[in-house]
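Notes to accompany the following structure.
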Amino acid sequence: MSKLKVAFFDFACCEGCQLQIYNLEEEILDLLELVEPVEWREAMSDQSDEYDVAIIEGSITRIEDEQRIKEIREKAKILIALGTCATTGGINNLKNNFEMQDVKECVYGEDANMSHLDTYPTKAVGEVVKVDYMVHGCPINIKEFSYIVRCLALGKEPNIPGYPVCVECKMKENTCRFEYDEICLGPITRAGCDAKCPSSGMWCFGCRGFVDNPNVNAARDIMAEYGKTLDDLRGKMLLFGSKQEF
Amino acid sequence: MSNTVNVTVNHVTRVEGHGNIRLRASDGKVEHVAWQIPEAPRFFEAMVRGRSFEDIQTIVSRICGICSVTHSLAAIKGIEDAMDIEVSEQTDKLRILCHYGEQMESHSLHVGYLVAPDLLGQKSVIPLVESHPDVVKTVIRLHRLGNTWMEIIGGRMTHPVTLKPGGFTAIPSEKKLLELKNAIEDAVPDLKILIEVVLGLADKFPAFERDTEYIALRYPDYYTFYHGDIASTDTDEKVPVRQFERVVNEYVSPQSTAKWCKWHRDSYAVGSLARFNLNAEQLLPMAADTAKQFGLKKGACNPYLNNVAQVIECAQVAEHSLQLIDELLTKGLKPEPVKVEPKAGEGVGCVEAPRGILFHRYQFDDKGLCAKANICIPTGQNHANIQKDFEAFAPQIIDRDQDEIRLLLEMLVRSYDPCISCSTHFLNVEFV
């Protein structure tokens, strides 16, 4: 069986999701039995235009990025969005709460209009090109990444959780964050993170994006039970900027 | 005979973020050499406006995947400074401990995965899996230690969860802390292997020196990454972090539109070598002994030796962590619930990232919403110095083979361990 050729590309992001791949440690050696990285700028000096799988980290925030991602899409048989910046736009979406001219002037002052500082409202990769698979999270869960790569190498469809973080949080026997008078996005956010944040005493801020069909009525009931409203929930959703409305 | 050299490197590999190198020379004379940054700007200072003080570290942690603990801590210290929040000794020690995990993780990744291939004549760590399996496995173990370390204290390897203004959302159990202590003690032989390996390759670092101003935090009690005032190798003056703008002095160079930083000269360097040059006498025994083995002394000004200083710091953070864990366990860990009442104010947080000194300044209104932010990143502070190194080093190597020139310049950039996605919200670039 010939190995799948894999190339990594990054756009606007912190590159923390690529870093998680290093964090697989010895397991990287196992994955190298299944796939062959042919381009990975953060780790390798090699470059290649021939790849089966393109793994994309980061959001699209400039016209030239849009061109680049389209070219990558044409070359790749399979395109994977890696991490929240790529899957939903993530924290980069906070920029979209402001006018772009205001954003540029805030950071670059009188140099704001230099052409290389140009920016447009953040887009997720899927808003520009077709995405075949998504690895959710900020950062990604490395076990999930490894699982998805193994599935693709073996020609299987990966199975990504379609239930909310609350399910995993309950299994960890955590006290509900609402009991602490906090607003937690667990009820509407896609599980698969092992409820890492609520397990460490922090509310869920929704980095994995929403479950496909969030149970809005249940969320409303929880909010009502704790004397809060859906607007309170929407305020927290803004942080990782999912564009899903309810 | 006209002999033209053109080196064009788009997107230097094995660094965090996107940087380009341009060099043009003819007849042995360098006509143009430049270090450029085409990274997509991300505008964090604009994005945090209007956000609650409770969410700031969650946001700015995402400036950088590889120094997310550092950014979280700088933000938290800035918030605490703005709102006059005092933290307990336990919080202080646990934070420093978490921060040391990041130093170990980042330094071992940089030296082991990103720099070692250059020293061993390879394009990446992947061929080293075959050719030097024991070295790779040692690096993997040290890197995993750094990650486990951050996870035990910070709740997660990257983008910590537990760090918050005033203290922690959750603290590790004493059992976990003891496990960490054992893991660090068990890693000492691996550290020694790493030191031996780099020592054996030390002659592969180019012998390039350029007298440089180095800037880092300095603190009377110990070799610091977290507390202290700003110090420079050019002066005895110590500047309080609240006045950091007096040190970074962003300016526009006459030869470039890029905003650079300078204090006493046209540029300065930050990072492991800067910390070493300012604080070497405070190193603990294993780290001091490592420096001795390498013959590295205060006043070193070969930028490539930043990688040696990183190895020394791996030993330093391991040793200091063992002390901190002992102190914490002797006193006993206790939960310290945190409730912060926001108030209006302005404050600065300063921490040493693995790659150098980092400043965050914030202004908050009385509801604790962020009105203004200014973030000054280590790699941003190093960009001008990388350019100055290029200008000094390129003429010295211009008669060499084009591929070798390219490699030496790439290695020079890599030696700074740049974190370019961090630096792009304040850097402007000249394109040739």
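If you're wondering about the labels, chains in the structure tokens are A, B, ... by order shown, residues count from 1 in each chain, ligands from 1 in order shown.
All residues within segment 17-239 of chain A that the backbone DSSP calculation assigns to strand (DSSP E) are Val35, Glu36, Pro37, Val38, Glu39, Trp40, Val53, Ala54, Ile55, Ile56, Glu57, Ile78, Leu79, Ile80, Ala81, Leu82, Tyr133, Met134 and Val135 of chain A.
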Those residues with N, CA and C atoms, as a PDB file, in the first residue's frame please?
ATOM      1  N   VAL A  35       1.510   7.571   6.644  1.00  0.00           N
ATOM      2  CA  VAL A  35       1.479   8.724   5.745  1.00  0.00           C
ATOM      3  C   VAL A  35       2.892   9.285   5.578  1.00  0.00           C
ATOM      4  N   GLU A  36       3.062  10.017   4.469  1.00  0.00           N
ATOM      5  CA  GLU A  36       4.376  10.604   4.202  1.00  0.00           C
ATOM      6  C   GLU A  36       4.228  12.120   4.104  1.00  0.00           C
ATOM      7  N   PRO A  37       4.755  12.860   5.092  1.00  0.00           N
ATOM      8  CA  PRO A  37       4.683  14.319   4.956  1.00  0.00           C
ATOM      9  C   PRO A  37       5.607  14.772   3.834  1.00  0.00           C
ATOM     10  N   VAL A  38       5.094  15.546   2.903  1.00  0.00           N
ATOM     11  CA  VAL A  38       5.931  16.029   1.791  1.00  0.00           C
ATOM     12  C   VAL A  38       6.172  17.529   1.880  1.00  0.00           C
ATOM     13  N   GLU A  39       5.333  18.231   2.649  1.00  0.00           N
ATOM     14  CA  GLU A  39       5.585  19.651   2.893  1.00  0.00           C
ATOM     15  C   GLU A  39       5.017  19.992   4.266  1.00  0.00           C
ATOM     16  N   TRP A  40       5.858  20.609   5.087  1.00  0.00           N
ATOM     17  CA  TRP A  40       5.424  20.988   6.440  1.00  0.00           C
ATOM     18  C   TRP A  40       6.426  22.032   6.903  1.00  0.00           C
ATOM     19  N   VAL A  53      -3.282  14.702   0.508  1.00  0.00           N
ATOM     20  CA  VAL A  53      -4.049  15.343   1.578  1.00  0.00           C
ATOM     21  C   VAL A  53      -3.412  16.694   1.914  1.00  0.00           C
ATOM     22  N   ALA A  54      -4.219  17.748   1.896  1.00  0.00           N
ATOM     23  CA  ALA A  54      -3.747  19.059   2.362  1.00  0.00           C
ATOM     24  C   ALA A  54      -4.389  19.317   3.717  1.00  0.00           C
ATOM     25  N   ILE A  55      -3.545  19.622   4.707  1.00  0.00           N
ATOM     26  CA  ILE A  55      -4.046  19.930   6.045  1.00  0.00           C
ATOM     27  C   ILE A  55      -3.870  21.423   6.259  1.00  0.00           C
ATOM     28  N   ILE A  56      -4.970  22.117   6.493  1.00  0.00           N
ATOM     29  CA  ILE A  56      -4.944  23.580   6.509  1.00  0.00           C
ATOM     30  C   ILE A  56      -5.197  24.092   7.910  1.00  0.00           C
ATOM     31  N   GLU A  57      -4.250  24.880   8.396  1.00  0.00           N
ATOM     32  CA  GLU A  57      -4.405  25.519   9.691  1.00  0.00           C
ATOM     33  C   GLU A  57      -4.601  27.015   9.460  1.00  0.00           C
ATOM     34  N   ILE A  78      -7.876  15.372  -0.871  1.00  0.00           N
ATOM     35  CA  ILE A  78      -8.631  15.538   0.370  1.00  0.00           C
ATOM     36  C   ILE A  78      -8.124  16.796   1.057  1.00  0.00           C
ATOM     37  N   LEU A  79      -9.042  17.631   1.555  1.00  0.00           N
ATOM     38  CA  LEU A  79      -8.622  18.826   2.279  1.00  0.00           C
ATOM     39  C   LEU A  79      -9.208  18.790   3.693  1.00  0.00           C
ATOM     40  N   ILE A  80      -8.315  18.942   4.666  1.00  0.00           N
ATOM     41  CA  ILE A  80      -8.728  18.903   6.067  1.00  0.00           C
ATOM     42  C   ILE A  80      -8.519  20.282   6.681  1.00  0.00           C
ATOM     43  N   ALA A  81      -9.545  20.800   7.358  1.00  0.00           N
ATOM     44  CA  ALA A  81      -9.394  22.040   8.134  1.00  0.00           C
ATOM     45  C   ALA A  81      -8.956  21.649   9.536  1.00  0.00           C
ATOM     46  N   LEU A  82      -7.796  22.205   9.951  1.00  0.00           N
ATOM     47  CA  LEU A  82      -7.186  21.803  11.224  1.00  0.00           C
ATOM     48  C   LEU A  82      -7.346  22.914  12.262  1.00  0.00           C
ATOM     49  N   TYR A 133     -12.881  17.328   5.621  1.00  0.00           N
ATOM     50  CA  TYR A 133     -12.947  16.901   7.025  1.00  0.00           C
ATOM     51  C   TYR A 133     -12.527  18.056   7.922  1.00  0.00           C
ATOM     52  N   MET A 134     -13.076  18.062   9.130  1.00  0.00           N
ATOM     53  CA  MET A 134     -12.698  19.100  10.085  1.00  0.00           C
ATOM     54  C   MET A 134     -12.152  18.466  11.354  1.00  0.00           C
ATOM     55  N   VAL A 135     -11.011  19.014  11.816  1.00  0.00           N
ATOM     56  CA  VAL A 135     -10.490  18.635  13.129  1.00  0.00           C
ATOM     57  C   VAL A 135     -10.753  19.847  14.019  1.00  0.00           C
TER      58      VAL A 135
END
Practice task
May I have the residues within 12 Å of segment 215-232 of chain A as a list in words, using only C-alpha atoms and disregarding those fewer than 5 positions away in the same chain?
Solution key: Gly162, Tyr163, Pro164, Cys166, Cys176, Arg177, Phe178, Glu179, Tyr180, Asp181, Glu182, Ile183, Cys184, Leu185, Gly186, Pro187, Ile188, Thr189, Arg190, Phe210, Met237, Leu238, Gln244, Glu245 and Phe246 of chain A
Residue selection dump (C-alpha atoms) as a compact mmCIF listing (two decimals), in the first residue's frame:
# COMPACT_ATOMS: atom_id res chain seq x y z
CA GLY A 162 -22.29 15.05 17.40
CA TYR A 163 -23.25 15.48 21.05
CA PRO A 164 -22.48 18.39 23.38
CA CYS A 166 -22.01 18.40 28.72
CA CYS A 176 -21.81 22.13 36.45
CA ARG A 177 -20.22 25.54 35.81
CA PHE A 178 -23.67 27.14 36.04
CA GLU A 179 -23.63 26.15 39.72
CA TYR A 180 -20.75 28.62 40.08
CA ASP A 181 -22.85 31.39 38.51
CA GLU A 182 -20.85 31.17 35.30
CA ILE A 183 -22.06 30.97 31.73
CA CYS A 184 -20.77 27.84 30.08
CA LEU A 185 -21.22 26.94 26.41
CA GLY A 186 -21.06 23.20 27.14
CA PRO A 187 -24.76 22.60 26.31
CA ILE A 188 -24.39 23.68 22.67
CA THR A 189 -20.70 22.99 21.90
CA ARG A 190 -19.48 19.89 20.09
CA PHE A 210 -21.59 24.08 17.90
CA MET A 237 -20.39 32.74 21.97
CA LEU A 238 -18.77 35.81 20.54
CA GLN A 244 -24.38 30.04 13.94
CA GLU A 245 -27.55 31.93 14.89
CA PHE A 246 -30.34 31.03 17.25
Completion exercise
note - atom CA of Ile193 of chain B and atom CA of Thr138 of chain B are separated by 7.4 Å
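With distances restricted to only C-alpha atoms, A:Met202 is the closest residue to chain B from A:Leu4, A:Cys85, A:Ile63, A:Met202.
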Interface rows for chain B against chain A: nearest pair, Å to one decimal, 7 Å, only C-alpha atoms, as a tab-separated table:
residue	atom	partner	partner_atom	distance
B:Thr13	CA	A:Arg41	CA	4.7
B:Arg14	CA	A:Glu42	CA	4.4
B:Val15	CA	A:Glu42	CA	5.6
B:Glu16	CA	A:Glu42	CA	6.0
B:Ala40	CA	A:Ala12	CA	5.6
B:Pro41	CA	A:Leu117	CA	6.6
B:Arg42	CA	A:Ala12	CA	6.7
B:Phe43	CA	A:Val107	CA	6.2
B:Glu45	CA	A:Val107	CA	6.3
B:Ala46	CA	A:Val103	CA	5.4
B:Met47	CA	A:Lys95	CA	5.2
B:Ile59	CA	A:Ile91	CA	6.8
B:Arg62	CA	A:Cys14	CA	5.9
B:Ile63	CA	A:Cys14	CA	5.5
B:Cys64	CA	A:Cys14	CA	4.4
B:Gly65	CA	A:Gly16	CA	3.5
B:Ile66	CA	A:Gly16	CA	6.2
B:Leu114	CA	A:Ala43	CA	6.6
B:Lys123	CA	A:Ser45	CA	5.1
B:Ser124	CA	A:Met44	CA	4.5
B:Ile140	CA	A:Glu25	CA	5.6
B:Arg144	CA	A:Glu25	CA	6.8
B:Gly155	CA	A:Ser200	CA	5.7
B:Thr158	CA	A:Pro139	CA	6.9
B:Val161	CA	A:Cys197	CA	6.0
B:Thr162	CA	A:Ser200	CA	6.0
B:Thr169	CA	A:Gly201	CA	4.9
B:Ala170	CA	A:Gly201	CA	5.5
B:Ser421	CA	A:Cys14	CA	6.1
B:His425	CA	A:Val107	CA	6.7
B:Phe426	CA	A:Tyr108	CA	6.6
Writer output for current selection, N, CA and C atoms, as a CSV table (one decimal), in the first residue's frame:
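So part_25.csv came out as:
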chain,number,residue,atom,x,y,z
B,13,THR,N,11.8,27.9,6.6
B,13,THR,CA,11.2,26.7,7.2
B,13,THR,C,11.7,26.5,8.6
B,14,ARG,N,11.1,25.6,9.3
B,14,ARG,CA,11.4,25.3,10.7
B,14,ARG,C,11.5,26.5,11.6
B,15,VAL,N,10.6,27.4,11.4
B,15,VAL,CA,10.4,28.5,12.4
B,15,VAL,C,8.9,28.7,12.5
B,16,GLU,N,8.5,29.3,13.5
B,16,GLU,CA,7.1,29.6,13.7
B,16,GLU,C,6.7,30.8,13.0
B,40,ALA,N,0.4,37.0,7.8
B,40,ALA,CA,-0.9,37.7,7.8
B,40,ALA,C,-1.0,38.4,9.2
B,41,PRO,N,-1.2,39.7,9.2
B,41,PRO,CA,-1.4,40.4,10.5
B,41,PRO,C,-2.7,39.9,11.1
B,42,ARG,N,-2.7,39.9,12.5
B,42,ARG,CA,-3.9,39.3,13.1
B,42,ARG,C,-4.6,40.3,14.0
B,43,PHE,N,-4.0,41.4,14.4
B,43,PHE,CA,-4.8,42.5,15.0
B,43,PHE,C,-5.3,42.2,16.4
B,45,GLU,N,-4.5,43.5,19.3
B,45,GLU,CA,-4.8,44.7,20.1
B,45,GLU,C,-6.2,45.3,19.8
B,46,ALA,N,-6.6,45.2,18.5
B,46,ALA,CA,-7.9,45.7,18.1
B,46,ALA,C,-9.0,44.7,18.6
B,47,MET,N,-8.7,43.4,18.6
B,47,MET,CA,-9.7,42.4,18.9
B,47,MET,C,-10.1,42.4,20.3
B,59,ILE,N,-8.1,35.0,25.1
B,59,ILE,CA,-7.9,35.5,23.7
B,59,ILE,C,-6.4,35.6,23.4
B,62,ARG,N,-3.9,32.9,22.3
B,62,ARG,CA,-4.0,32.5,20.9
B,62,ARG,C,-3.1,33.3,20.0
B,63,ILE,N,-2.4,34.3,20.6
B,63,ILE,CA,-1.4,35.0,19.7
B,63,ILE,C,-0.3,33.9,19.3
B,64,CYS,N,0.0,33.0,20.2
B,64,CYS,CA,1.0,32.1,19.9
B,64,CYS,C,0.8,30.7,20.5
B,65,GLY,N,0.9,29.6,19.7
B,65,GLY,CA,0.7,28.3,20.2
B,65,GLY,C,1.9,27.8,21.0
B,66,ILE,N,3.1,28.4,20.7
B,66,ILE,CA,4.3,27.9,21.3
B,66,ILE,C,4.6,28.6,22.6
B,114,LEU,N,14.0,21.6,15.5
B,114,LEU,CA,14.2,22.6,14.5
B,114,LEU,C,15.6,22.9,14.1
B,123,LYS,N,17.3,18.0,6.4
B,123,LYS,CA,16.3,19.1,6.1
B,123,LYS,C,15.2,19.1,7.1
B,124,SER,N,15.1,18.0,7.9
B,124,SER,CA,14.1,18.0,9.0
B,124,SER,C,14.5,16.9,10.0
B,140,ILE,N,12.2,13.7,22.2
B,140,ILE,CA,10.8,13.4,22.4
B,140,ILE,C,10.4,13.3,23.9
B,144,ARG,N,8.0,15.9,25.8
B,144,ARG,CA,6.8,15.4,26.5
B,144,ARG,C,6.8,15.8,27.9
B,155,GLY,N,-3.6,22.8,33.1
B,155,GLY,CA,-4.8,22.1,32.7
B,155,GLY,C,-4.8,21.6,31.3
B,158,THR,N,-1.3,23.2,25.5
B,158,THR,CA,-1.2,24.5,24.8
B,158,THR,C,-2.5,25.3,25.2
B,161,VAL,N,-5.6,26.6,30.8
B,161,VAL,CA,-7.0,26.8,31.2
B,161,VAL,C,-7.1,27.4,32.6
B,162,THR,N,-6.2,27.0,33.5
B,162,THR,CA,-6.4,27.3,34.9
B,162,THR,C,-5.9,28.7,35.3
B,169,THR,N,-8.0,28.7,38.5
B,169,THR,CA,-9.3,28.1,38.5
B,169,THR,C,-9.3,26.7,39.2
B,170,ALA,N,-8.1,26.1,39.1
B,170,ALA,CA,-8.0,24.8,39.8
B,170,ALA,C,-6.5,24.6,40.0
B,421,SER,N,4.3,34.6,14.0
B,421,SER,CA,2.9,34.9,14.1
B,421,SER,C,2.6,35.8,15.3
B,425,HIS,N,1.6,41.6,14.7
B,425,HIS,CA,0.6,42.7,14.9
B,425,HIS,C,1.3,44.0,15.2
B,426,PHE,N,2.6,44.0,15.1
B,426,PHE,CA,3.2,45.4,15.3
B,426,PHE,C,4.3,45.6,14.3
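Here atom CA of Val348 of chain B and atom CA of Glu327 of chain B stand 28.2 Å from one another.
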Exercise for the section: Quick one: everything within 12 Å of Asp326 of chain B, counting only C-alpha atoms, minus sequence neighbours fewer than 6 positions away in the same chain. Send it as an MDAnalysis selection string. Expected result: chainID B and resid 93:94 97 174 177:178 180:182 319:320 332:333
Exercise for the section: Determine which residues of segment 3-240 of chain A DSSP labels as alpha helix (DSSP H) from the backbone of this structure, then write them out as a PyMOL selection string. Expected result: chain A and resi 16-22+26-34+63-75+84-87+100-108+142-153+165-171+196-199+216-225+230-237
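Coordinates place atom CA of Ser272 of chain B at a distance of 20.5 Å from atom CA of Glu237 of chain B.
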I'd like a table as JSON lines: residues in segment 245-323 of chain B with an atom no more than 9 Å from segment 371-379 of chain B, each row giving the shortest atom pair and its distance in Å to one decimal, only C-alpha atoms counted, sorted by chain and rising residue number.
{"residue": "B:Val248", "atom": "CA", "partner": "B:Cys376", "partner_atom": "CA", "distance": 8.2}
{"residue": "B:Ala269", "atom": "CA", "partner": "B:Pro378", "partner_atom": "CA", "distance": 8.7}
{"residue": "B:Val270", "atom": "CA", "partner": "B:Pro378", "partner_atom": "CA", "distance": 6.5}
{"residue": "B:Gly271", "atom": "CA", "partner": "B:Pro378", "partner_atom": "CA", "distance": 7.5}
Just the selected residues (C-alpha atoms), exported as a tab-separated table (two decimals), in the first residue's frame, please.
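As written to disk, out_0.tsv reads:
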chain	number	residue	atom	x	y	z
B	248	VAL	CA	11.54	49.29	23.19
B	269	ALA	CA	18.56	41.17	21.11
B	270	VAL	CA	16.28	39.32	23.53
B	271	GLY	CA	16.01	35.61	24.33
